[in-house]
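Chemist: The structure file run06.cif (mmCIF, C-alpha atoms) is provided below.
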```
data_my_file
#
loop_
_atom_site.label_atom_id
_atom_site.label_comp_id
_atom_site.auth_asym_id
_atom_site.auth_seq_id
_atom_site.Cartn_x
_atom_site.Cartn_y
_atom_site.Cartn_z
CA MET A 1 29.02 -13.90 24.53
CA THR A 2 28.37 -10.99 26.88
CA GLY A 3 25.33 -10.00 28.82
CA TYR A 4 23.20 -7.04 27.77
CA THR A 5 21.73 -4.54 30.20
CA PRO A 6 19.39 -2.06 28.53
CA GLN A 7 19.68 1.65 29.21
CA HIS A 8 16.59 3.88 29.47
CA ALA A 9 14.40 0.80 29.93
CA GLY A 10 10.69 1.56 30.06
CA THR A 11 11.03 4.80 28.10
CA LYS A 12 9.61 5.75 24.74
CA THR A 13 11.34 7.53 21.87
CA LYS A 14 9.60 9.47 19.13
CA TYR A 15 10.67 11.35 16.06
CA ILE A 16 9.05 14.69 15.34
CA VAL A 17 9.56 15.55 11.68
CA VAL A 18 9.05 19.18 10.65
CA GLU A 19 8.11 19.95 7.05
CA SER A 20 6.71 23.39 7.65
CA PRO A 21 7.05 26.75 5.90
CA THR A 22 6.65 28.56 9.23
CA VAL A 23 8.39 26.42 11.88
CA THR A 24 12.01 25.22 11.76
CA PRO A 25 13.47 22.31 13.74
CA SER A 26 15.57 24.71 15.84
CA GLU A 27 12.50 26.83 16.77
CA LEU A 28 10.65 23.67 17.71
CA ALA A 29 13.63 22.51 19.77
CA ILE A 30 13.59 25.78 21.76
CA HIS A 31 9.87 25.37 22.44
CA ALA A 32 10.48 21.74 23.39
CA TYR A 33 13.20 22.66 25.92
CA GLU A 34 10.83 25.20 27.50
CA ILE A 35 8.19 22.55 28.22
CA SER A 36 10.29 19.38 28.29
CA GLN A 37 10.08 18.64 32.06
CA GLY A 38 12.83 16.04 31.98
CA VAL A 39 12.23 14.62 28.49
CA MET A 40 15.49 14.12 26.57
CA ILE A 41 15.48 16.19 23.37
CA LYS A 42 17.84 15.92 20.43
CA GLU A 43 17.61 18.30 17.50
CA THR A 44 18.21 16.79 14.07
CA CYS A 45 18.26 18.20 10.54
CA PHE A 46 14.65 17.14 9.96
CA GLY A 47 13.17 17.76 13.41
CA LEU A 48 13.58 16.31 16.87
CA ALA A 49 14.07 13.00 18.61
CA VAL A 50 12.53 12.93 22.09
CA ASN A 51 12.88 10.28 24.77
CA GLY A 52 11.25 9.90 28.18
CA GLN A 53 8.41 8.30 30.09
CA GLU A 54 5.49 7.51 27.80
CA ASP A 55 2.98 10.00 29.24
CA GLU A 56 5.56 12.82 29.30
CA VAL A 57 6.57 12.15 25.69
CA GLU A 58 2.93 12.06 24.55
CA ARG A 59 2.22 15.35 26.33
CA LEU A 60 5.26 17.00 24.75
CA VAL A 61 4.43 15.67 21.29
CA GLU A 62 0.84 16.94 21.46
CA LYS A 63 2.00 20.41 22.52
CA LEU A 64 4.65 20.58 19.80
CA ARG A 65 2.32 19.30 17.12
CA ALA A 66 -0.09 22.12 17.95
CA PHE A 67 2.40 24.67 16.54
CA ASP A 68 1.65 23.52 12.99
CA PRO A 69 -0.55 20.39 13.06
CA ASP A 70 -0.67 19.84 9.31
CA HIS A 71 3.09 20.09 8.84
CA ILE A 72 4.50 18.28 11.88
CA PHE A 73 4.61 14.49 11.71
CA VAL A 74 5.42 12.01 14.45
CA LYS A 75 6.56 8.40 14.48
CA ASP A 76 7.93 5.92 17.01
CA ARG A 77 11.60 5.03 17.21
CA GLY A 78 13.13 1.90 18.71
CA PHE A 79 16.49 3.29 19.84
CA VAL A 80 17.08 6.18 22.21
CA PRO A 81 18.61 9.36 20.71
CA GLY A 82 22.39 9.05 20.35
CA ASP A 83 22.48 5.27 20.79
CA PRO A 84 25.97 4.25 19.53
CA ARG A 85 24.47 1.28 17.66
CA ARG A 86 22.48 3.64 15.44
CA CYS A 87 23.86 7.19 15.83
CA ARG A 88 25.87 8.35 12.85
CA SER A 89 28.35 10.13 15.10
CA SER A 90 29.82 6.72 15.91
CA LEU A 91 29.02 4.89 12.67
CA GLY A 92 29.58 7.52 9.99
CA GLY A 93 27.30 8.09 7.00
CA ALA A 94 23.55 8.36 7.18
CA ARG A 95 21.71 6.42 9.86
CA PRO A 96 20.00 3.44 8.15
CA GLY A 97 16.45 4.61 8.84
CA PHE A 98 17.17 8.08 7.53
CA HIS A 99 16.70 6.99 3.92
CA GLY A 100 13.08 6.12 4.60
CA ILE A 101 12.42 9.51 6.17
CA GLU A 102 14.34 11.19 3.34
CA PHE A 103 12.08 9.55 0.76
CA GLU A 104 8.85 10.24 2.63
CA THR A 105 9.86 13.87 3.14
CA THR A 106 9.39 14.32 -0.62
CA VAL A 107 5.77 13.15 -0.24
CA LEU A 108 4.98 15.10 2.96
CA PRO A 109 3.96 18.36 1.18
CA TYR A 110 1.16 16.47 -0.61
CA VAL A 111 0.03 14.86 2.64
CA SER A 112 0.13 18.23 4.42
CA HIS A 113 -1.98 19.70 1.62
CA GLY A 114 -4.43 16.84 2.03
CA LEU A 115 -4.65 17.38 5.79
CA SER A 116 -5.29 21.11 5.45
CA GLU A 117 -7.89 20.64 2.68
CA LEU A 118 -9.78 18.10 4.77
CA HIS A 119 -10.47 20.66 7.50
CA ALA A 120 -13.11 22.10 5.19
CA LEU A 121 -14.06 18.98 3.25
CA ASP A 122 -16.03 15.92 4.24
CA PRO A 123 -13.78 12.88 3.60
CA GLY A 124 -16.82 11.05 2.24
CA SER A 125 -17.15 13.59 -0.57
CA VAL A 126 -13.59 13.02 -1.81
CA PRO A 127 -13.27 10.35 -4.53
CA PRO A 128 -11.08 7.37 -3.67
CA PRO A 129 -7.49 7.35 -4.92
CA ALA A 130 -6.64 5.40 -8.05
CA GLY A 131 -5.09 2.60 -5.99
CA PRO A 132 -2.31 0.24 -6.94
CA ALA A 133 -2.44 -0.93 -10.54
CA GLY A 134 -1.53 -4.45 -9.48
CA GLU A 135 0.67 -6.91 -11.28
CA LYS A 136 -0.44 -7.91 -14.73
CA ARG A 137 -0.31 -11.68 -14.70
CA LEU A 138 -0.02 -14.05 -17.61
CA ASP A 139 -3.40 -15.66 -18.20
CA ILE A 140 -3.68 -19.40 -18.77
CA TYR A 141 -4.77 -19.09 -22.42
CA THR A 142 -1.77 -17.02 -23.40
CA LEU A 143 0.49 -19.44 -21.52
CA LYS A 144 -1.04 -22.39 -23.40
CA LYS A 145 -0.47 -20.60 -26.71
CA LEU A 146 3.16 -19.95 -25.80
CA ILE A 147 3.70 -23.62 -24.89
CA GLN A 148 2.06 -24.81 -28.10
CA ALA A 149 4.13 -22.40 -30.16
CA LEU A 150 7.33 -23.82 -28.66
CA GLU A 151 6.38 -27.46 -29.25
CA PRO A 152 7.49 -28.90 -32.58
CA MET B 1 -9.03 2.07 19.21
CA ALA B 2 -7.87 -0.50 16.68
CA LYS B 3 -4.36 -1.86 16.16
CA VAL B 4 -3.41 -1.06 12.59
CA PHE B 5 -0.45 -2.78 10.93
CA ILE B 6 1.32 -0.43 8.56
CA TYR B 7 3.38 -1.38 5.53
CA PRO B 8 6.11 -0.17 5.07
CA ALA B 9 6.44 -0.86 8.79
CA THR B 10 8.86 2.08 9.12
CA SER B 11 6.57 4.59 7.37
CA LEU B 12 6.46 8.02 8.99
CA ILE B 13 3.35 9.06 7.04
CA LEU B 14 1.27 5.99 7.90
CA SER B 15 2.44 5.91 11.51
CA ASP B 16 1.50 9.57 11.95
CA LEU B 17 -1.90 9.38 10.23
CA VAL B 18 -2.98 6.24 12.10
CA ALA B 19 -2.07 7.80 15.48
CA ARG B 20 -3.54 11.18 14.44
CA TYR B 21 -6.93 9.59 13.75
CA GLY B 22 -7.00 7.81 17.09
CA HIS B 23 -5.67 4.30 16.47
CA THR B 24 -2.50 2.42 17.36
CA PRO B 25 0.03 1.95 14.56
CA LEU B 26 1.95 -1.34 14.67
CA SER B 27 5.36 -0.42 13.27
CA SER B 28 8.80 -2.01 13.39
CA ALA B 29 9.95 0.60 15.93
CA THR B 30 7.75 -0.97 18.61
CA SER B 31 9.20 -4.47 18.01
CA ILE B 32 12.75 -3.16 17.94
CA ARG B 33 12.14 -1.14 21.13
CA GLU B 34 10.90 -4.30 22.85
CA ARG B 35 14.21 -6.03 22.07
CA ILE B 36 16.41 -3.02 22.82
CA GLN B 37 14.81 -2.62 26.24
CA THR B 38 14.96 -6.27 27.27
CA ALA B 39 17.99 -7.61 29.13
CA GLY B 40 19.66 -10.69 27.66
CA ILE B 41 22.60 -11.53 25.42
CA GLU B 42 24.38 -8.66 23.69
CA SER B 43 23.70 -8.90 19.96
CA VAL B 44 24.39 -5.64 18.17
CA PRO B 45 22.99 -3.70 16.45
CA LEU B 46 19.31 -4.69 16.73
CA GLN B 47 19.44 -7.23 19.58
CA ILE B 48 18.27 -9.89 17.14
CA THR B 49 19.57 -13.07 18.77
CA PRO B 50 19.78 -16.61 17.30
CA GLU B 51 16.43 -17.22 19.00
CA GLU B 52 14.60 -14.96 16.53
CA PRO B 53 14.89 -17.22 13.44
CA LYS B 54 13.52 -20.03 15.60
CA LYS B 55 10.53 -17.89 16.54
CA GLY B 56 10.12 -17.07 12.83
CA LEU B 57 9.40 -20.74 12.13
CA ARG B 58 5.82 -20.00 13.10
CA TRP B 59 5.38 -18.02 9.86
CA ALA B 60 8.05 -19.41 7.50
CA ALA B 61 9.29 -22.93 6.84
CA VAL B 62 12.70 -24.15 8.00
CA GLU B 63 14.19 -24.04 4.49
CA VAL B 64 13.38 -20.32 4.23
CA PRO B 65 16.54 -18.24 4.82
CA SER B 66 17.17 -17.29 8.43
CA GLY B 67 17.12 -13.60 7.47
CA VAL B 68 13.48 -13.91 6.48
CA ARG B 69 12.62 -15.93 9.59
CA GLY B 70 14.45 -13.46 11.83
CA ARG B 71 12.51 -10.57 10.35
CA MET B 72 9.27 -12.51 10.67
CA ALA B 73 9.95 -12.75 14.40
CA LEU B 74 9.51 -8.95 14.37
CA TYR B 75 6.57 -8.64 11.98
CA GLY B 76 4.71 -11.92 12.60
CA PRO B 77 3.42 -11.09 16.10
CA MET B 78 2.27 -7.67 14.88
CA ILE B 79 0.36 -9.20 11.95
CA GLU B 80 -1.29 -11.63 14.37
CA ALA B 81 -2.21 -8.79 16.73
CA CYS B 82 -3.53 -6.35 14.12
CA ASP B 83 -7.22 -5.52 13.63
CA ALA B 84 -6.63 -3.81 10.28
CA ALA B 85 -3.82 -2.99 7.87
CA ILE B 86 -2.78 -0.17 5.56
CA VAL B 87 -0.42 -1.17 2.75
CA ILE B 88 1.44 1.15 0.40
CA ASP B 89 2.25 -0.94 -2.62
CA ASP B 90 4.84 1.17 -4.41
CA ALA B 91 7.12 1.60 -1.40
CA ASP B 92 10.64 1.20 -2.73
CA LEU B 93 11.99 2.19 0.67
CA ALA B 94 10.64 -1.07 2.08
CA PHE B 95 13.45 -2.87 0.27
CA GLY B 96 16.87 -2.31 1.74
CA CYS B 97 17.30 -1.14 5.28
CA MET B 98 13.85 -2.33 6.30
CA GLY B 99 14.13 -5.88 5.05
CA CYS B 100 14.48 -8.22 2.12
CA ALA B 101 12.00 -8.53 -0.71
CA ARG B 102 10.96 -12.06 0.29
CA THR B 103 10.01 -10.92 3.78
CA ASN B 104 7.95 -8.15 2.27
CA GLU B 105 6.11 -10.61 0.02
CA LEU B 106 5.44 -12.89 2.98
CA VAL B 107 4.21 -9.96 5.10
CA LYS B 108 1.77 -8.88 2.38
CA TYR B 109 0.61 -12.48 1.89
CA LEU B 110 -0.04 -12.95 5.62
CA ILE B 111 -2.02 -9.69 5.77
CA ARG B 112 -4.16 -10.84 2.82
CA GLU B 113 -4.69 -14.25 4.41
CA LYS B 114 -5.70 -12.75 7.75
CA LYS B 115 -8.79 -11.24 6.12
CA VAL B 116 -8.77 -8.11 8.26
CA PRO B 117 -9.94 -4.76 6.79
CA ARG B 118 -7.15 -3.66 4.48
CA LEU B 119 -6.47 -0.45 2.58
CA ASP B 120 -4.14 -0.63 -0.42
CA LEU B 121 -2.66 2.64 -1.59
CA THR B 122 0.19 4.19 -3.53
CA TYR B 123 2.17 7.26 -2.49
CA PRO B 124 0.54 10.52 -3.70
CA LYS B 125 2.35 12.26 -6.53
CA SER B 126 0.42 15.54 -6.58
CA GLU B 127 -1.59 17.76 -4.25
CA GLU B 128 -4.87 16.39 -5.58
CA GLU B 129 -3.68 12.83 -4.95
CA GLY B 130 -2.58 13.96 -1.49
CA VAL B 131 -6.15 14.98 -0.62
CA ARG B 132 -7.49 11.65 -1.88
CA PHE B 133 -4.75 9.75 -0.03
CA VAL B 134 -5.49 11.38 3.34
CA ALA B 135 -9.28 11.18 2.82
CA ALA B 136 -9.05 7.46 2.00
CA ILE B 137 -7.01 6.76 5.14
CA ARG B 138 -9.36 8.83 7.29
CA ARG B 139 -12.47 7.09 5.90
CA PHE B 140 -10.83 3.71 6.47
CA LEU B 141 -9.80 4.51 10.04
CA ASP B 142 -13.17 6.09 10.92
CA GLY B 143 -14.77 2.86 9.75
CA LEU B 144 -12.77 0.91 12.32
CA GLY B 145 -14.46 2.69 15.23
CA GLY B 146 -12.85 4.39 18.21
CA LYS B 147 -12.36 8.11 18.66
CA PRO B 148 -12.40 10.28 15.50
#
```
What does this structure look like when you write it as structure tokens?

Modeler:
Amino acid sequence: MTGYTPQHAGTKTKYIVVESPTVTPSELAIHAYEISQGVMIKETCFGLAVNGQEDEVERLVEKLRAFDPDHIFVKDRGFVPGDPRRCRSSLGGARPGFHGIEFETTVLPYVSHGLSELHALDPGSVPPPAGPAGEKRLDIYTLKKLIQALEP
Amino acid sequence: MAKVFIYPATSLILSDLVARYGHTPLSSATSIRERIQTAGIESVPLQITPEEPKKGLRWAAVEVPSGVRGRMALYGPMIEACDAAIVIDDADLAFGCMGCARTNELVKYLIREKKVPRLDLTYPKSEEEGVRFVAAIRRFLDGLGGKP
């Protein structure tokens, strides 16, 4: 059993996912380096991972999001960029959390469309989504019939 | 500004929309970060120590597998802290790297039991559904108060 001393304690890491027809991750990375002011930036295939003090990261994220607000998405990350416990350079294969982002990337164009449409629309005027269908459960009467049918 | 628990807790879309509309998303990244940035015993990869399944006993009984209890040590405190929840029901990605199916069932059950404002959705499958999806989330979050 060995002791654990955290690195980059007190910092915050965020993913910036780019699903834009006009901005690429590498363009965004260049802009990010220009205004980073000490924030660690890592370019990935889907966007950027940024790490630093909370207020600096928030400032950077807001400025980067402004390039294409409806097509740039942000989420928190637990590990710092390049952490050997998660980085695929040391593990091989896709990073475990990548599959979630990979799936949601297929849905992002619809969400982006929704965001851009809602600039002109009042959300109250949009009908609610269909919602989950829910599980169809066996009602008690059908269950009783099944039991009676099985009894001799 | 309300604390909104999101399910799947790793969702990029929900995390982004909740923060975009001025609230705090409670996602698994924040719980993991807490553990990664706390000194203690080395326990790779997620710094989940043998203490976590013990903490999970608050939400799951002792005969429940330790994997479920360990995960509940991450999600349980967030469910207790949340003021509202957004749940995507057809999230296949929630099974696998995020956690086991039994944890997911327990998480959904605890959210239902907490009786906080809850929005149940499915992922949009067209542009029209995308507009309805975003509008529903925005209406829900606006109803929670805080900045628009």

Chemist: Which is closest to Phe5 in chain B among B:Pro25, B:Pro77, B:Gly130, B:Gly70, if we use only C-alpha atoms?

Modeler: B:Pro25

Chemist: Let me make sure I understand: among B:Ala73, B:Leu93, B:Leu17, B:Ala135, which one has the smallest atom-to-atom distance to Arg35 in chain B if we use all atoms listed in the file?

Modeler: B:Ala73

Chemist: Run through the PyMOL selection byres ((chain A) within 6 of (chain B)) on the given coordinates and return the selected residues as a list in words.

Modeler: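 Evaluating the PyMOL selection byres ((chain A) within 6 of (chain B)) on this file yields Thr2, Gly3, Tyr4, Thr5, Pro6, Ala9, Phe73, Val74, Lys75, Asp76, Arg77, Gly78, Arg85, Gly100, Tyr110, Val111, Gly114, Pro123, Pro128, Pro129, Gly131 and Pro132 of chain A.
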
Chemist: Pull C-alpha atoms from the residues just selected and write them as a PDB file, in the coordinates of the input.

Modeler:
```
ATOM      1  CA  THR A   2      28.370 -10.990  26.880  1.00  0.00           C
ATOM      2  CA  GLY A   3      25.330 -10.000  28.820  1.00  0.00           C
ATOM      3  CA  TYR A   4      23.200  -7.040  27.770  1.00  0.00           C
ATOM      4  CA  THR A   5      21.730  -4.540  30.200  1.00  0.00           C
ATOM      5  CA  PRO A   6      19.390  -2.060  28.530  1.00  0.00           C
ATOM      6  CA  ALA A   9      14.400   0.800  29.930  1.00  0.00           C
ATOM      7  CA  PHE A  73       4.610  14.490  11.710  1.00  0.00           C
ATOM      8  CA  VAL A  74       5.420  12.010  14.450  1.00  0.00           C
ATOM      9  CA  LYS A  75       6.560   8.400  14.480  1.00  0.00           C
ATOM     10  CA  ASP A  76       7.930   5.920  17.010  1.00  0.00           C
ATOM     11  CA  ARG A  77      11.600   5.030  17.210  1.00  0.00           C
ATOM     12  CA  GLY A  78      13.130   1.900  18.710  1.00  0.00           C
ATOM     13  CA  ARG A  85      24.470   1.280  17.660  1.00  0.00           C
ATOM     14  CA  GLY A 100      13.080   6.120   4.600  1.00  0.00           C
ATOM     15  CA  TYR A 110       1.160  16.470  -0.610  1.00  0.00           C
ATOM     16  CA  VAL A 111       0.030  14.860   2.640  1.00  0.00           C
ATOM     17  CA  GLY A 114      -4.430  16.840   2.030  1.00  0.00           C
ATOM     18  CA  PRO A 123     -13.780  12.880   3.600  1.00  0.00           C
ATOM     19  CA  PRO A 128     -11.080   7.370  -3.670  1.00  0.00           C
ATOM     20  CA  PRO A 129      -7.490   7.350  -4.920  1.00  0.00           C
ATOM     21  CA  GLY A 131      -5.090   2.600  -5.990  1.00  0.00           C
ATOM     22  CA  PRO A 132      -2.310   0.240  -6.940  1.00  0.00           C
TER      23      PRO A 132
END
```

Chemist: Tell me which residues the PyMOL selection byres ((chain B and resi 84) around 7) grabs here, as a JSON list (two decimals) with C-alpha atoms, in the coordinates of the input.

Modeler:
```json
[["chain", "number", "residue", "atom", "x", "y", "z"],
["B", 3, "LYS", "CA", -4.36, -1.86, 16.16],
["B", 4, "VAL", "CA", -3.41, -1.06, 12.59],
["B", 5, "PHE", "CA", -0.45, -2.78, 10.93],
["B", 82, "CYS", "CA", -3.53, -6.35, 14.12],
["B", 83, "ASP", "CA", -7.22, -5.52, 13.63],
["B", 85, "ALA", "CA", -3.82, -2.99, 7.87],
["B", 116, "VAL", "CA", -8.77, -8.11, 8.26],
["B", 117, "PRO", "CA", -9.94, -4.76, 6.79],
["B", 118, "ARG", "CA", -7.15, -3.66, 4.48]]
```

Chemist: My list of candidates is B:Met72, B:Ile86, B:Gly22, B:Ile79. Which is closest to Cys100 in chain B when distances are computed with all atoms listed in the file?

Modeler: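 So, comparing all the options, the nearest one is B:Met72.
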
Chemist: Report as a PyMOL selection string the residues that result from applying the PyMOL selection byres ((chain A and resi 58) around 12) to the structure here.

Modeler: (chain A and resi 11-16+36+39+50-57+59-65+74-76) or (chain B and resi 19)
